[in-house]
$ cat upload04.txt   # compact mmCIF, C-alpha atoms
# COMPACT_ATOMS: atom_id res chain seq x y z
CA MET X 1 -62.14 -181.54 -47.76
CA ASN X 2 -62.95 -180.99 -51.42
CA ASP X 3 -60.27 -179.37 -53.53
CA TRP X 4 -62.47 -176.41 -54.48
CA LYS X 5 -63.30 -175.73 -50.81
CA ARG X 6 -59.63 -175.68 -49.89
CA LYS X 7 -58.83 -173.28 -52.73
CA PHE X 8 -61.78 -171.08 -51.79
CA ILE X 9 -60.67 -170.89 -48.15
CA ILE X 10 -57.11 -170.00 -49.16
CA ILE X 11 -58.27 -167.25 -51.52
CA TRP X 12 -60.85 -165.92 -49.06
CA THR X 13 -58.29 -165.79 -46.23
CA GLY X 14 -55.80 -163.97 -48.45
CA GLN X 15 -58.42 -161.44 -49.47
CA LEU X 16 -59.48 -160.94 -45.86
CA PHE X 17 -55.94 -160.12 -44.73
CA SER X 18 -55.34 -157.96 -47.81
CA ILE X 19 -58.46 -155.87 -47.25
CA LEU X 20 -57.87 -155.53 -43.50
CA THR X 21 -54.23 -154.48 -43.81
CA GLY X 22 -55.03 -152.11 -46.69
CA THR X 23 -57.76 -150.43 -44.70
CA VAL X 24 -55.59 -150.10 -41.60
CA ALA X 25 -52.72 -148.67 -43.66
CA GLN X 26 -55.05 -146.19 -45.37
CA PHE X 27 -56.45 -145.02 -42.03
CA ALA X 28 -52.95 -144.69 -40.56
CA ILE X 29 -51.70 -142.62 -43.50
CA ILE X 30 -54.70 -140.27 -43.33
CA LEU X 31 -54.26 -139.89 -39.59
CA TRP X 32 -50.52 -139.24 -39.94
CA VAL X 33 -51.01 -136.62 -42.67
CA SER X 34 -53.71 -134.90 -40.61
CA VAL X 35 -51.45 -134.71 -37.57
CA GLU X 36 -48.37 -133.58 -39.50
CA ALA X 37 -49.88 -131.26 -42.12
CA GLY X 38 -53.11 -130.04 -40.59
CA PRO X 39 -56.57 -130.74 -41.96
CA ALA X 40 -57.32 -133.74 -44.12
CA GLU X 41 -58.16 -131.49 -47.10
CA VAL X 42 -54.45 -131.77 -47.90
CA LEU X 43 -55.24 -135.24 -49.27
CA LEU X 44 -57.76 -133.98 -51.82
CA LEU X 45 -55.44 -132.77 -54.59
CA PRO X 46 -53.24 -135.89 -54.72
CA ALA X 47 -56.37 -138.06 -54.76
CA VAL X 48 -57.88 -136.19 -57.73
CA ILE X 49 -54.61 -136.23 -59.66
CA GLY X 50 -53.99 -139.87 -58.76
CA LEU X 51 -57.43 -141.03 -59.86
CA THR X 52 -57.13 -139.19 -63.16
CA ALA X 53 -53.68 -140.60 -63.86
CA THR X 54 -54.77 -144.09 -62.85
CA GLY X 55 -57.69 -144.00 -65.28
CA LEU X 56 -55.44 -142.92 -68.13
CA VAL X 57 -52.84 -145.59 -67.40
CA ALA X 58 -55.49 -148.31 -67.04
CA GLY X 59 -56.86 -147.41 -70.45
CA ARG X 60 -53.43 -147.80 -72.01
CA ILE X 61 -52.02 -150.92 -70.35
CA GLY X 62 -55.22 -152.84 -69.60
CA ILE X 63 -57.03 -153.82 -66.44
CA PRO X 64 -55.09 -157.01 -65.52
CA ALA X 65 -51.75 -155.22 -65.75
CA MET X 66 -53.20 -152.37 -63.70
CA PHE X 67 -54.22 -154.75 -60.92
CA LEU X 68 -50.68 -156.12 -60.85
CA LEU X 69 -49.16 -152.65 -60.89
CA GLY X 70 -51.51 -151.51 -58.12
CA GLY X 71 -50.61 -154.49 -55.93
CA VAL X 72 -46.90 -153.90 -56.39
CA ALA X 73 -47.28 -150.18 -55.67
CA ALA X 74 -49.35 -150.84 -52.54
CA SER X 75 -46.74 -153.31 -51.31
CA LEU X 76 -43.92 -150.84 -51.84
CA ILE X 77 -45.81 -148.06 -50.09
CA ALA X 78 -46.57 -150.34 -47.14
CA LEU X 79 -42.91 -151.35 -46.94
CA VAL X 80 -41.70 -147.75 -47.02
CA SER X 81 -44.27 -146.62 -44.47
CA PHE X 82 -43.21 -149.46 -42.17
CA PHE X 83 -39.68 -148.04 -42.07
CA MET X 84 -40.65 -144.36 -41.85
CA PRO X 85 -40.58 -144.13 -38.03
CA SER X 86 -37.02 -145.47 -37.95
CA LEU X 87 -35.98 -143.00 -40.66
CA ARG X 88 -37.47 -140.14 -38.67
CA ALA X 89 -35.58 -141.32 -35.58
CA LEU X 90 -32.36 -141.15 -37.62
CA GLU X 91 -33.16 -137.56 -38.62
CA ARG X 92 -33.52 -136.49 -35.00
CA SER X 93 -30.25 -138.01 -33.81
$ encode --input "upload04.txt" --output "structure tokens"
Amino acid sequence: MNDWKRKFIIIWTGQLFSILTGTVAQFAIILWVSVEAGPAEVLLLPAVIGLTATGLVAGRIGIPAMFLLGGVAASLIALVSFFMPSLRALERS
């Protein structure tokens, strides 16, 4: 297999898993907030504030650094949300 094809397949596979897991995590968070806090309108204010803040930060630090920061933040949020059920179980006991 050509070297460029191998690199393309690796990058494409990584992107596929990244997009799928991000979408599943986003759906799960929205569903969880709706069940716990009521209607999904609760998500509106943080989204507006978050988008505004993100635009301001991206203007200051640059787009490449923002992509890196966003990836790190998404990873940390996914890691924390993975352990949330066990933390809630500790609260109940």
$ atom_distance --input "upload04.txt" --atom1 "atom CA of X:Phe82" --atom2 "atom CA of X:Ile29"
11.0 Å
$ atom_distance --input "upload04.txt" --atom1 "atom CA of X:Pro39" --atom2 "atom CA of X:Ala78"
22.6 Å
$ atom_distance --input "upload04.txt" --atom1 "atom CA of X:Ala73" --atom2 "atom CA of X:Ile61"
15.4 Å
$ closest_residue --input "upload04.txt" --among "X:Ser75, X:Ser86, X:Ser34, X:Thr52" --to "X:Thr21" --atoms "only C-alpha atoms"
X:Ser75
$ closest_residue --input "upload04.txt" --among "X:Ala74, X:Pro85, X:Leu79, X:Lys5" --to "X:Thr23" --atoms "all atoms listed in the file"
X:Ala74
$ residues_around --input "upload04.txt" --residues "X:Ile30" --least-positions-apart "5" --cutoff "12 Å" --atoms "only C-alpha atoms" --output "list in words"
Thr23, Val24, Ala25, Val35, Glu36, Ala37, Gly38, Pro39, Ala40, Glu41, Val42, Leu43, Leu44 and Ala47 of chain X
$ build_atoms --input "upload04.txt" --residues "stretch 39-63 of chain X" --atoms "N, CA, C and O atoms" --output "compact mmCIF listing (two decimals), in the frame of the given file"
# COMPACT_ATOMS: atom_id res chain seq x y z
N PRO X 39 -55.30 -130.09 -41.60
CA PRO X 39 -56.57 -130.74 -41.96
C PRO X 39 -56.41 -131.77 -43.07
O PRO X 39 -55.45 -131.74 -43.84
N ALA X 40 -57.37 -132.64 -43.15
CA ALA X 40 -57.32 -133.74 -44.12
C ALA X 40 -57.59 -133.27 -45.54
O ALA X 40 -57.45 -134.05 -46.47
N GLU X 41 -57.95 -132.00 -45.75
CA GLU X 41 -58.16 -131.49 -47.10
C GLU X 41 -56.87 -131.54 -47.92
O GLU X 41 -56.89 -131.46 -49.14
N VAL X 42 -55.74 -131.67 -47.23
CA VAL X 42 -54.45 -131.77 -47.90
C VAL X 42 -54.42 -132.99 -48.82
O VAL X 42 -53.73 -133.01 -49.82
N LEU X 43 -55.22 -134.01 -48.49
CA LEU X 43 -55.24 -135.24 -49.27
C LEU X 43 -56.07 -135.14 -50.54
O LEU X 43 -56.01 -136.01 -51.39
N LEU X 44 -56.84 -134.07 -50.70
CA LEU X 44 -57.76 -133.98 -51.82
C LEU X 44 -57.06 -133.87 -53.17
O LEU X 44 -57.37 -134.61 -54.09
N LEU X 45 -56.10 -132.97 -53.30
CA LEU X 45 -55.44 -132.77 -54.59
C LEU X 45 -54.69 -134.01 -55.07
O LEU X 45 -54.87 -134.41 -56.23
N PRO X 46 -53.88 -134.66 -54.23
CA PRO X 46 -53.24 -135.89 -54.72
C PRO X 46 -54.24 -136.97 -55.11
O PRO X 46 -54.00 -137.72 -56.06
N ALA X 47 -55.36 -137.05 -54.43
CA ALA X 47 -56.37 -138.06 -54.76
C ALA X 47 -56.97 -137.79 -56.13
O ALA X 47 -57.13 -138.70 -56.95
N VAL X 48 -57.29 -136.54 -56.43
CA VAL X 48 -57.88 -136.19 -57.73
C VAL X 48 -56.87 -136.45 -58.84
O VAL X 48 -57.20 -137.04 -59.87
N ILE X 49 -55.64 -136.01 -58.64
CA ILE X 49 -54.61 -136.23 -59.66
C ILE X 49 -54.33 -137.73 -59.81
O ILE X 49 -54.20 -138.23 -60.93
N GLY X 50 -54.26 -138.44 -58.71
CA GLY X 50 -53.99 -139.87 -58.76
C GLY X 50 -55.08 -140.65 -59.47
O GLY X 50 -54.79 -141.55 -60.27
N LEU X 51 -56.33 -140.32 -59.20
CA LEU X 51 -57.43 -141.03 -59.86
C LEU X 51 -57.46 -140.75 -61.36
O LEU X 51 -57.71 -141.65 -62.16
N THR X 52 -57.17 -139.53 -61.74
CA THR X 52 -57.13 -139.19 -63.16
C THR X 52 -56.01 -139.94 -63.87
O THR X 52 -56.20 -140.54 -64.93
N ALA X 53 -54.83 -139.91 -63.27
CA ALA X 53 -53.68 -140.60 -63.86
C ALA X 53 -53.91 -142.11 -63.92
O ALA X 53 -53.56 -142.76 -64.90
N THR X 54 -54.51 -142.66 -62.88
CA THR X 54 -54.77 -144.09 -62.85
C THR X 54 -55.73 -144.50 -63.97
O THR X 54 -55.53 -145.52 -64.62
N GLY X 55 -56.75 -143.71 -64.20
CA GLY X 55 -57.69 -144.00 -65.28
C GLY X 55 -57.02 -143.98 -66.64
O GLY X 55 -57.27 -144.83 -67.50
N LEU X 56 -56.15 -143.01 -66.85
CA LEU X 56 -55.44 -142.92 -68.13
C LEU X 56 -54.51 -144.11 -68.34
O LEU X 56 -54.44 -144.69 -69.42
N VAL X 57 -53.78 -144.46 -67.29
CA VAL X 57 -52.84 -145.59 -67.40
C VAL X 57 -53.60 -146.90 -67.60
O VAL X 57 -53.20 -147.75 -68.40
N ALA X 58 -54.71 -147.08 -66.90
CA ALA X 58 -55.49 -148.31 -67.04
C ALA X 58 -56.03 -148.45 -68.45
O ALA X 58 -56.10 -149.57 -68.98
N GLY X 59 -56.38 -147.36 -69.08
CA GLY X 59 -56.86 -147.41 -70.45
C GLY X 59 -55.77 -147.82 -71.42
O GLY X 59 -56.03 -148.45 -72.44
N ARG X 60 -54.54 -147.48 -71.10
CA ARG X 60 -53.43 -147.80 -72.01
C ARG X 60 -52.89 -149.21 -71.83
O ARG X 60 -52.59 -149.89 -72.79
N ILE X 61 -52.70 -149.63 -70.57
CA ILE X 61 -52.02 -150.92 -70.35
C ILE X 61 -52.99 -152.07 -70.10
O ILE X 61 -52.58 -153.22 -70.10
N GLY X 62 -54.24 -151.78 -69.83
CA GLY X 62 -55.22 -152.84 -69.60
C GLY X 62 -55.46 -153.08 -68.11
O GLY X 62 -54.61 -152.78 -67.26
N ILE X 63 -56.61 -153.62 -67.82
CA ILE X 63 -57.03 -153.82 -66.44
C ILE X 63 -56.19 -154.86 -65.70
O ILE X 63 -55.76 -154.60 -64.57
